[in-house]
Every structure is written in structure tokens, then in C-alpha cells.
$ cat data39.cif   # mmCIF, C-alpha atoms
data_start
#
loop_
_atom_site.group_PDB
_atom_site.id
_atom_site.type_symbol
_atom_site.label_atom_id
_atom_site.label_comp_id
_atom_site.auth_asym_id
_atom_site.auth_seq_id
_atom_site.Cartn_x
_atom_site.Cartn_y
_atom_site.Cartn_z
ATOM 1 C CA MET L 245 0.000 0.000 0.000
ATOM 2 C CA LYS L 246 1.059 3.575 -0.654
ATOM 3 C CA THR L 247 2.183 6.018 2.004
ATOM 4 C CA TYR L 248 1.505 9.341 0.312
ATOM 5 C CA LEU L 249 -0.672 10.666 -2.491
ATOM 6 C CA ASN L 250 0.906 12.037 -5.649
ATOM 7 C CA PRO L 251 -0.262 15.065 -7.710
ATOM 8 C CA ALA L 252 -1.837 12.869 -10.411
ATOM 9 C CA GLU L 253 -4.044 11.119 -7.852
ATOM 10 C CA ILE L 254 -5.176 14.399 -6.364
ATOM 11 C CA MET L 255 -6.026 15.645 -9.853
ATOM 12 C CA GLU L 256 -8.247 12.588 -10.192
ATOM 13 C CA MET L 257 -9.902 13.526 -6.911
ATOM 14 C CA GLU L 258 -10.620 16.996 -8.294
ATOM 15 C CA LYS L 259 -12.205 15.421 -11.374
ATOM 16 C CA ALA L 260 -14.334 13.212 -9.116
ATOM 17 C CA THR L 261 -15.995 16.195 -7.423
ATOM 18 C CA THR L 262 -19.579 17.083 -8.281
ATOM 19 C CA ASN L 263 -19.463 20.837 -7.671
ATOM 20 C CA LEU L 264 -17.075 23.785 -7.663
ATOM 21 C CA ARG L 265 -17.025 24.091 -3.865
ATOM 22 C CA ASP L 266 -15.740 20.567 -3.345
ATOM 23 C CA ARG L 267 -13.211 20.918 -6.144
ATOM 24 C CA LEU L 268 -11.921 24.151 -4.635
ATOM 25 C CA LEU L 269 -11.659 22.579 -1.177
ATOM 26 C CA ILE L 270 -9.476 19.738 -2.455
ATOM 27 C CA ARG L 271 -7.395 22.117 -4.536
ATOM 28 C CA LEU L 272 -6.717 24.512 -1.647
ATOM 29 C CA LEU L 273 -5.768 21.694 0.725
ATOM 30 C CA PHE L 274 -3.205 20.431 -1.789
ATOM 31 C CA HIS L 275 -1.998 23.598 -3.533
ATOM 32 C CA LEU L 276 -1.728 25.613 -0.317
ATOM 33 C CA GLY L 277 -0.791 22.709 1.939
ATOM 34 C CA CYS L 278 -2.974 24.191 4.653
ATOM 35 C CA ARG L 279 -4.714 22.406 7.505
ATOM 36 C CA ILE L 280 -8.423 21.661 7.170
ATOM 37 C CA SER L 281 -9.208 24.033 10.041
ATOM 38 C CA GLU L 282 -7.270 26.782 8.266
ATOM 39 C CA ALA L 283 -9.044 26.233 4.935
ATOM 40 C CA LEU L 284 -12.482 26.305 6.552
ATOM 41 C CA ALA L 285 -11.613 29.531 8.402
ATOM 42 C CA ILE L 286 -10.732 31.500 5.234
ATOM 43 C CA LYS L 287 -12.829 34.645 4.883
ATOM 44 C CA LEU L 288 -13.283 36.920 1.891
ATOM 45 C CA SER L 289 -11.180 39.566 3.643
ATOM 46 C CA ASP L 290 -8.275 37.084 3.871
ATOM 47 C CA ILE L 291 -7.906 36.912 0.088
ATOM 48 C CA ASP L 292 -5.798 39.359 -1.904
ATOM 49 C CA PHE L 293 -6.431 38.699 -5.579
ATOM 50 C CA ALA L 294 -4.165 41.558 -6.666
ATOM 51 C CA HIS L 295 -1.165 39.786 -5.161
ATOM 52 C CA ALA L 296 -2.619 36.236 -5.386
ATOM 53 C CA THR L 297 -2.226 35.518 -1.667
ATOM 54 C CA VAL L 298 -4.323 34.092 1.158
ATOM 55 C CA THR L 299 -3.809 35.036 4.799
ATOM 56 C CA ILE L 300 -4.049 31.991 7.030
ATOM 57 C CA LEU L 301 -4.891 32.202 10.727
ATOM 58 C CA HIS L 302 -3.867 29.253 12.861
ATOM 59 C CA LEU L 303 -5.221 29.009 16.391
ATOM 60 C CA LYS L 304 -3.980 26.335 18.740
ATOM 61 C CA SER L 305 -4.904 25.767 22.359
ATOM 62 C CA ARG L 306 -2.617 24.106 24.852
ATOM 63 C CA ILE L 307 -3.362 22.989 28.392
ATOM 64 C CA ASN L 308 -0.555 23.693 30.878
ATOM 65 C CA LEU L 309 -0.455 21.859 34.209
ATOM 66 C CA SER L 310 1.278 23.189 37.303
ATOM 67 C CA CYS L 311 1.843 22.101 40.911
ATOM 68 C CA PRO L 312 -0.749 23.508 43.361
ATOM 69 C CA ILE L 313 2.019 23.925 45.969
ATOM 70 C CA CYS L 314 5.004 25.511 44.174
ATOM 71 C CA LYS L 315 3.440 26.250 40.744
ATOM 72 C CA ALA L 316 6.152 24.260 38.884
ATOM 73 C CA ARG L 317 5.259 22.873 35.444
ATOM 74 C CA LEU L 318 3.941 19.296 35.446
ATOM 75 C CA GLY L 319 3.463 16.558 32.928
ATOM 76 C CA ARG L 320 0.146 14.762 32.588
ATOM 77 C CA ARG L 321 1.439 11.656 34.388
ATOM 78 C CA HIS L 322 3.143 13.355 37.298
ATOM 79 C CA ARG L 323 1.835 12.128 40.662
ATOM 80 C CA PHE L 324 4.545 13.970 42.580
ATOM 81 C CA CYS L 325 5.966 17.380 41.786
ATOM 82 C CA PRO L 326 9.547 17.116 40.438
ATOM 83 C CA GLU L 327 10.426 20.429 42.126
ATOM 84 C CA CYS L 328 8.948 20.342 45.639
ATOM 85 C CA GLY L 329 8.196 16.618 45.865
ATOM 86 C CA GLY L 330 4.607 17.221 46.968
ATOM 87 C CA GLU L 331 1.895 14.780 45.982
ATOM 88 C CA VAL L 332 -0.281 16.141 43.194
ATOM 89 C CA SER L 333 -3.901 15.348 43.846
ATOM 90 C CA GLN L 334 -5.333 18.121 41.661
ATOM 91 C CA ALA L 335 -3.038 20.013 39.308
ATOM 92 C CA ILE L 336 -3.731 23.608 38.346
ATOM 93 C CA THR L 337 -4.767 23.804 34.706
ATOM 94 C CA ARG L 338 -4.344 26.816 32.457
ATOM 95 C CA GLN L 339 -5.363 26.981 28.803
ATOM 96 C CA GLN L 340 -3.162 29.052 26.525
ATOM 97 C CA GLU L 341 -4.127 29.989 23.006
ATOM 98 C CA TYR L 342 -1.417 30.417 20.396
ATOM 99 C CA ARG L 343 -2.260 32.615 17.417
ATOM 100 C CA ARG L 344 -0.096 32.548 14.309
ATOM 101 C CA VAL L 345 -0.687 34.255 10.980
ATOM 102 C CA ARG L 346 1.054 33.533 7.700
ATOM 103 C CA THR L 347 0.441 34.701 4.135
ATOM 104 C CA LEU L 348 0.536 32.037 1.430
ATOM 105 C CA PRO L 349 0.939 32.597 -2.316
ATOM 106 C CA MET L 350 -1.499 31.057 -4.789
ATOM 107 C CA ASP L 351 -0.833 29.795 -8.297
ATOM 108 C CA SER L 352 -2.864 31.476 -11.030
ATOM 109 C CA GLU L 353 -5.239 28.553 -11.640
ATOM 110 C CA THR L 354 -6.100 28.230 -7.942
ATOM 111 C CA SER L 355 -6.619 31.978 -7.668
ATOM 112 C CA SER L 356 -8.912 31.921 -10.708
ATOM 113 C CA MET L 357 -10.920 28.986 -9.319
ATOM 114 C CA LEU L 358 -11.333 30.784 -5.995
ATOM 115 C CA ALA L 359 -12.536 33.930 -7.774
ATOM 116 C CA ASP L 360 -15.053 31.915 -9.818
ATOM 117 C CA PHE L 361 -16.396 30.279 -6.667
ATOM 118 C CA ILE L 362 -16.869 33.606 -4.895
ATOM 119 C CA MET L 363 -18.580 35.142 -7.931
ATOM 120 C CA SER L 364 -20.906 32.143 -8.281
ATOM 121 C CA GLY L 365 -22.671 32.878 -5.005
ATOM 122 C CA ASN L 366 -22.728 34.955 -1.862
ATOM 123 C CA PRO L 367 -20.270 33.508 0.647
ATOM 124 C CA GLY L 368 -21.015 34.200 4.277
ATOM 125 C CA SER L 369 -18.481 35.110 6.911
ATOM 126 C CA ARG L 370 -16.388 32.161 5.739
ATOM 127 C CA ILE L 371 -15.820 31.077 2.148
ATOM 128 C CA PHE L 372 -16.831 27.419 2.425
ATOM 129 C CA GLY L 373 -19.585 27.570 5.018
ATOM 130 C CA ILE L 374 -19.265 23.897 5.996
ATOM 131 C CA ASN L 375 -18.052 22.229 9.172
ATOM 132 C CA ARG L 376 -15.031 19.993 9.673
ATOM 133 C CA HIS L 377 -17.040 16.766 9.592
ATOM 134 C CA ARG L 378 -18.576 17.613 6.217
ATOM 135 C CA ALA L 379 -15.162 18.571 4.819
ATOM 136 C CA TRP L 380 -13.765 15.177 5.858
ATOM 137 C CA GLN L 381 -16.718 13.469 4.158
ATOM 138 C CA ILE L 382 -16.116 15.375 0.926
ATOM 139 C CA VAL L 383 -12.438 14.451 0.760
ATOM 140 C CA ARG L 384 -13.049 10.809 1.629
ATOM 141 C CA GLU L 385 -15.914 10.433 -0.854
ATOM 142 C CA CYS L 386 -13.882 11.995 -3.665
ATOM 143 C CA GLY L 387 -10.988 9.701 -2.859
ATOM 144 C CA LYS L 388 -13.257 6.668 -3.185
ATOM 145 C CA ARG L 389 -14.816 7.896 -6.445
ATOM 146 C CA ALA L 390 -11.325 8.509 -7.848
ATOM 147 C CA GLY L 391 -10.327 4.948 -6.943
ATOM 148 C CA ILE L 392 -7.560 6.055 -4.592
ATOM 149 C CA PRO L 393 -6.319 3.039 -2.564
ATOM 150 C CA GLY L 394 -5.829 3.133 1.196
ATOM 151 C CA LEU L 395 -2.644 4.650 2.559
ATOM 152 C CA VAL L 396 -0.205 3.376 5.156
ATOM 153 C CA ASN L 397 0.719 5.512 8.157
ATOM 154 C CA PRO L 398 4.545 5.727 7.963
ATOM 155 C CA ASP L 399 4.818 5.945 11.749
ATOM 156 C CA THR L 400 2.484 3.116 12.782
ATOM 157 C CA GLY L 401 2.201 0.994 9.640
ATOM 158 C CA LYS L 402 -1.592 0.996 9.975
ATOM 159 C CA ALA L 403 -3.892 1.471 7.009
ATOM 160 C CA ARG L 404 -5.788 4.730 6.746
ATOM 161 C CA GLY L 405 -8.172 6.310 4.274
ATOM 162 C CA VAL L 406 -7.759 9.505 2.305
ATOM 163 C CA SER L 407 -8.270 12.516 4.574
ATOM 164 C CA PRO L 408 -7.701 16.294 4.396
ATOM 165 C CA HIS L 409 -4.346 15.992 6.147
ATOM 166 C CA ARG L 410 -3.151 13.513 3.517
ATOM 167 C CA LEU L 411 -3.480 16.338 0.961
ATOM 168 C CA ARG L 412 -1.295 18.548 3.143
ATOM 169 C CA ASP L 413 1.227 15.718 3.391
ATOM 170 C CA ALA L 414 1.151 15.347 -0.391
ATOM 171 C CA PHE L 415 1.953 19.036 -0.819
ATOM 172 C CA ALA L 416 4.972 18.723 1.490
ATOM 173 C CA VAL L 417 6.334 15.615 -0.246
ATOM 174 C CA HIS L 418 5.802 17.207 -3.676
ATOM 175 C CA ALA L 419 7.683 20.335 -2.545
ATOM 176 C CA VAL L 420 10.615 18.356 -1.162
ATOM 177 C CA LYS L 421 10.938 16.272 -4.324
ATOM 178 C CA LEU L 422 11.366 19.476 -6.307
ATOM 179 C CA ASP L 423 13.726 21.177 -3.835
ATOM 180 C CA ASP L 424 15.286 19.469 -0.824
ATOM 181 C CA SER L 425 17.970 22.101 -0.279
ATOM 182 C CA GLY L 426 18.373 23.872 3.040
ATOM 183 C CA ASP L 427 16.613 26.961 1.689
ATOM 184 C CA GLY L 428 13.850 24.831 0.206
ATOM 185 C CA LEU L 429 13.175 23.100 3.517
ATOM 186 C CA ARG L 430 13.269 26.418 5.376
ATOM 187 C CA LEU L 431 10.686 27.905 3.014
ATOM 188 C CA LEU L 432 8.548 24.761 3.331
ATOM 189 C CA GLN L 433 8.678 25.005 7.134
ATOM 190 C CA GLU L 434 7.525 28.620 6.932
ATOM 191 C CA HIS L 435 4.802 27.796 4.407
ATOM 192 C CA LEU L 436 3.389 24.899 6.435
ATOM 193 C CA GLY L 437 3.581 26.842 9.690
ATOM 194 C CA HIS L 438 5.712 24.255 11.500
ATOM 195 C CA THR L 439 7.290 25.517 14.711
ATOM 196 C CA SER L 440 9.841 22.689 14.672
ATOM 197 C CA PHE L 441 12.177 22.049 11.724
ATOM 198 C CA ASN L 442 12.174 18.336 12.603
ATOM 199 C CA THR L 443 8.492 18.176 11.657
ATOM 200 C CA THR L 444 9.320 19.502 8.199
ATOM 201 C CA ALA L 445 12.480 17.425 7.787
ATOM 202 C CA LYS L 446 10.554 14.132 7.971
ATOM 203 C CA TYR L 447 9.198 14.826 4.478
ATOM 204 C CA ARG L 448 12.717 14.942 3.072
ATOM 205 C CA LYS L 449 13.337 11.376 4.192
ATOM 206 C CA VAL L 450 10.072 10.178 2.699
ATOM 207 C CA ALA L 451 10.372 12.109 -0.550
ATOM 208 C CA GLY L 452 13.961 11.071 -1.123
ATOM 209 C CA GLU L 453 13.464 7.488 0.065
ATOM 210 C CA GLU L 454 16.974 7.786 1.471
ATOM 211 C CA HIS L 455 16.755 4.780 3.751
ATOM 212 C CA ARG L 456 15.550 2.503 0.951
ATOM 213 C CA GLU L 457 18.257 3.676 -1.447
ATOM 214 C CA TRP L 458 20.934 3.206 1.214
ATOM 215 C CA TYR L 459 19.690 -0.307 2.010
ATOM 216 C CA ASN L 460 19.465 -1.366 -1.633
ATOM 217 C CA LYS L 461 23.086 -0.348 -2.165
ATOM 218 C CA LEU L 462 24.130 -2.768 0.571
ATOM 219 C CA TRP L 463 22.855 -5.724 -1.437
ATOM 220 C CA SER L 464 23.340 -4.534 -4.997
ATOM 221 C CA LYS L 465 25.528 -6.751 -7.154
ATOM 222 C CA PRO L 466 28.970 -5.316 -7.969
ATOM 223 C CA GLU L 467 29.440 -4.270 -11.591
ATOM 224 C CA ASN L 468 31.563 -6.545 -13.794
ATOM 225 C CA GLY L 469 31.602 -9.150 -11.019
ATOM 226 C CA ASN L 470 34.201 -7.196 -8.996
ATOM 227 C CA SER L 471 33.962 -7.229 -5.212
#
$ encode --input "data39.cif" --output "C-alpha cells"
Amino acid sequence: MKTYLNPAEIMEMEKATTNLRDRLLIRLLFHLGCRISEALAIKLSDIDFAHATVTILHLKSRINLSCPICKARLGRRHRFCPECGGEVSQAITRQQEYRRVRTLPMDSETSSMLADFIMSGNPGSRIFGINRHRAWQIVRECGKRAGIPGLVNPDTGKARGVSPHRLRDAFAVHAVKLDDSGDGLRLLQEHLGHTSFNTTAKYRKVAGEEHREWYNKLWSKPENGNS
């Protein structure tokens, strides 16, 4: 089974859509490499057609735990505080919201499709006007209609269906195949909104299939029978 989708398969998914909204959703997830939550949050005011860009807002909440005695940071499994040694019966919880904004370029065809979709109706406060569950359904249904086989999770080895995040993964792998230089990976990290470079770097290993190439060389037959 495959691990990642390729551009040709995603093009087939676009062809399998039944309306412009669904086609645009799949195209934005792949051509922008954005998260499903980011795509669904796009508003008309976020789009700059003059410069062919989309402003993406990413909100992420994180729960921080701290000791009720000395206020030291705790992990979820801590029963005793690593600082003061006190038993933690009820940790103090604080929710922090992280807000990041990035501006992504659009290719001309995607920009034109987005303009056509907006002109075809009256979008509300958000362009798509659907919830996350419906977006997942759309992507999965189009994957099935396009005959896309199941994918393998590279971390767990378990089978998984086509989902919005698989289109984001496909964008990253496609980008790395075209440019795996240091500057290319840095730009990809910025584009995807990764806080850690290690998160971005995993796509280089997958796209280049470095491990497989290295292993095959170990067992390849010497040329001309020389050892």
C-alpha cells in the first residue's frame, strides 16, 4: 500500500468532485498545503487577488499543568511534583491559546478557481460555510470515487483512508521532491507553519526514500563481477 498521495491522484480527486465548492476545497488543501481548520476559516477579507495571496490564521490551544504547591510545570502523568516533591492530587490547569498568521501565495489557476467560486454565489463570513465533519466526508468520498487506494501511516504501519491531512502531506512531499535544499526546507517550514524544523524534515526522508536507497546499495551486485 502507498504512504503518500501524488499530484496525479489528487487531480483525479478533483475530477471526481460534483461541484465547484468541493473541487476548490481539495485544490486549496493540496496547492496551499494548509490544515483543514485553516481552509475552513478563510474569509473573503483574507484573500488578496491583486497579489494572489491568502492570509491563514492558525489558532492552537494548549493545556498547561502546574503544581498547586510551588506552581512548577507538570506533565500529565506526574503524581509527585519534580520540584517540591509534593503529591499532586489536583493540578492547576491553564489553557493558553497560540495565534499565528502567515500569508501564502497562490498559483494562477487556484486563484482563478477561488474567484469563480466567490462570484458564483454569496459567501457568508467564511468562504466554504461547511463544518469539519462535512469537509472530511467530501475528501473521503472523492478519494473513493477517484479509486484512490488506502494509505499506510509511515509511523504506525496501519492502514488509513484519504483525509484532508493527507493532501497537506502530499503538498509537502511534492515540494521536497522538487527542492530538498536547506533553503527549500526552510521555506517549506515557513509555508506549512511548523514551529519545529524536525516536523518539516521528515518529508525529506520520505520524498527522497533515502533509507531505501541506502539499504538497496548494501545488497546490490557489484558491476563486472568485482567485489
$ atom_distance --input "data39.cif" --atom1 "CA of Arg265 (chain L)" --atom2 "CA of Ser364 (chain L)"
10.0 Å
$ atom_distance --input "data39.cif" --atom1 "CA of Ala445 (chain L)" --atom2 "CA of Gly387 (chain L)"
26.9 Å
$ residues_around --input "data39.cif" --residues "Arg376 (chain L)" --least-positions-apart "5" --cutoff "10 Å" --atoms "only C-alpha atoms" --output "list of chain:residue names"
L:Ile280, L:Ser281, L:Ala283, L:Leu284, L:Gln381, L:Ile382, L:Pro408
$ resolve_selection --input "data39.cif" --expression "the PyMOL selection byres ((chain L and resi 407) around 8)" --output "list in words"
Trp380, Val383, Arg384, Gly405, Val406, Pro408, His409, Arg410 and Leu411 of chain L
$ atom_distance --input "data39.cif" --atom1 "CA of His377 (chain L)" --atom2 "CA of His275 (chain L)"
21.1 Å
$ residues_near_point --input "data39.cif" --point "(9.4, 15.0, -0.3)" --cutoff "12 Å" --atoms "only C-alpha atoms" --output "PyMOL selection string"
chain L and resi 247-250+412-425+428-429+432+444-454
$ closest_residue --input "data39.cif" --among "L:Arg404, L:Lys287, L:Arg344, L:Arg370" --to "Glu434 (chain L)" --atoms "all atoms listed in the file"
L:Arg344
$ residues_near_point --input "data39.cif" --point "(-0.7, 34.9, -11.8)" --cutoff "7 Å" --atoms "all atoms listed in the file" --output "PDB file with C-alpha atoms, keeping the file's coordinate frame"
ATOM      1  CA  ALA L 296      -2.619  36.236  -5.386  1.00  0.00           C
ATOM      2  CA  ASP L 351      -0.833  29.795  -8.297  1.00  0.00           C
ATOM      3  CA  SER L 352      -2.864  31.476 -11.030  1.00  0.00           C
TER       4      SER L 352
END
$ closest_residue --input "data39.cif" --among "L:Asn397, L:Asn263, L:Thr347, L:Ser333" --to "Ile291 (chain L)" --atoms "all atoms listed in the file"
L:Thr347
$ closest_residue --input "data39.cif" --among "L:Gly426, L:Gly329, L:Gly401, L:Pro393" --to "Lys246 (chain L)" --atoms "only C-alpha atoms"
L:Pro393
$ closest_residue --input "data39.cif" --among "L:Met255, L:Met350, L:Cys386, L:Cys311" --to "Leu272 (chain L)" --atoms "only C-alpha atoms"
L:Met350
$ axis_aligned_box --input "data39.cif" --around "region 413-425 of chain L" --padding-each-side "6 Å" --output "lines of an AutoDock Vina configuration file"
center_x = 9.6
center_y = 18.7
center_z = -1.5
size_x = 28.8
size_y = 18.8
size_z = 21.7
$ closest_residue --input "data39.cif" --among "L:Arg346, L:Phe293, L:Arg279, L:Cys328" --to "Ser310 (chain L)" --atoms "all atoms listed in the file"
L:Cys328
$ closest_residue --input "data39.cif" --among "L:Ile270, L:Cys278, L:Ala260, L:Leu395" --to "Gln433 (chain L)" --atoms "all atoms listed in the file"
L:Cys278
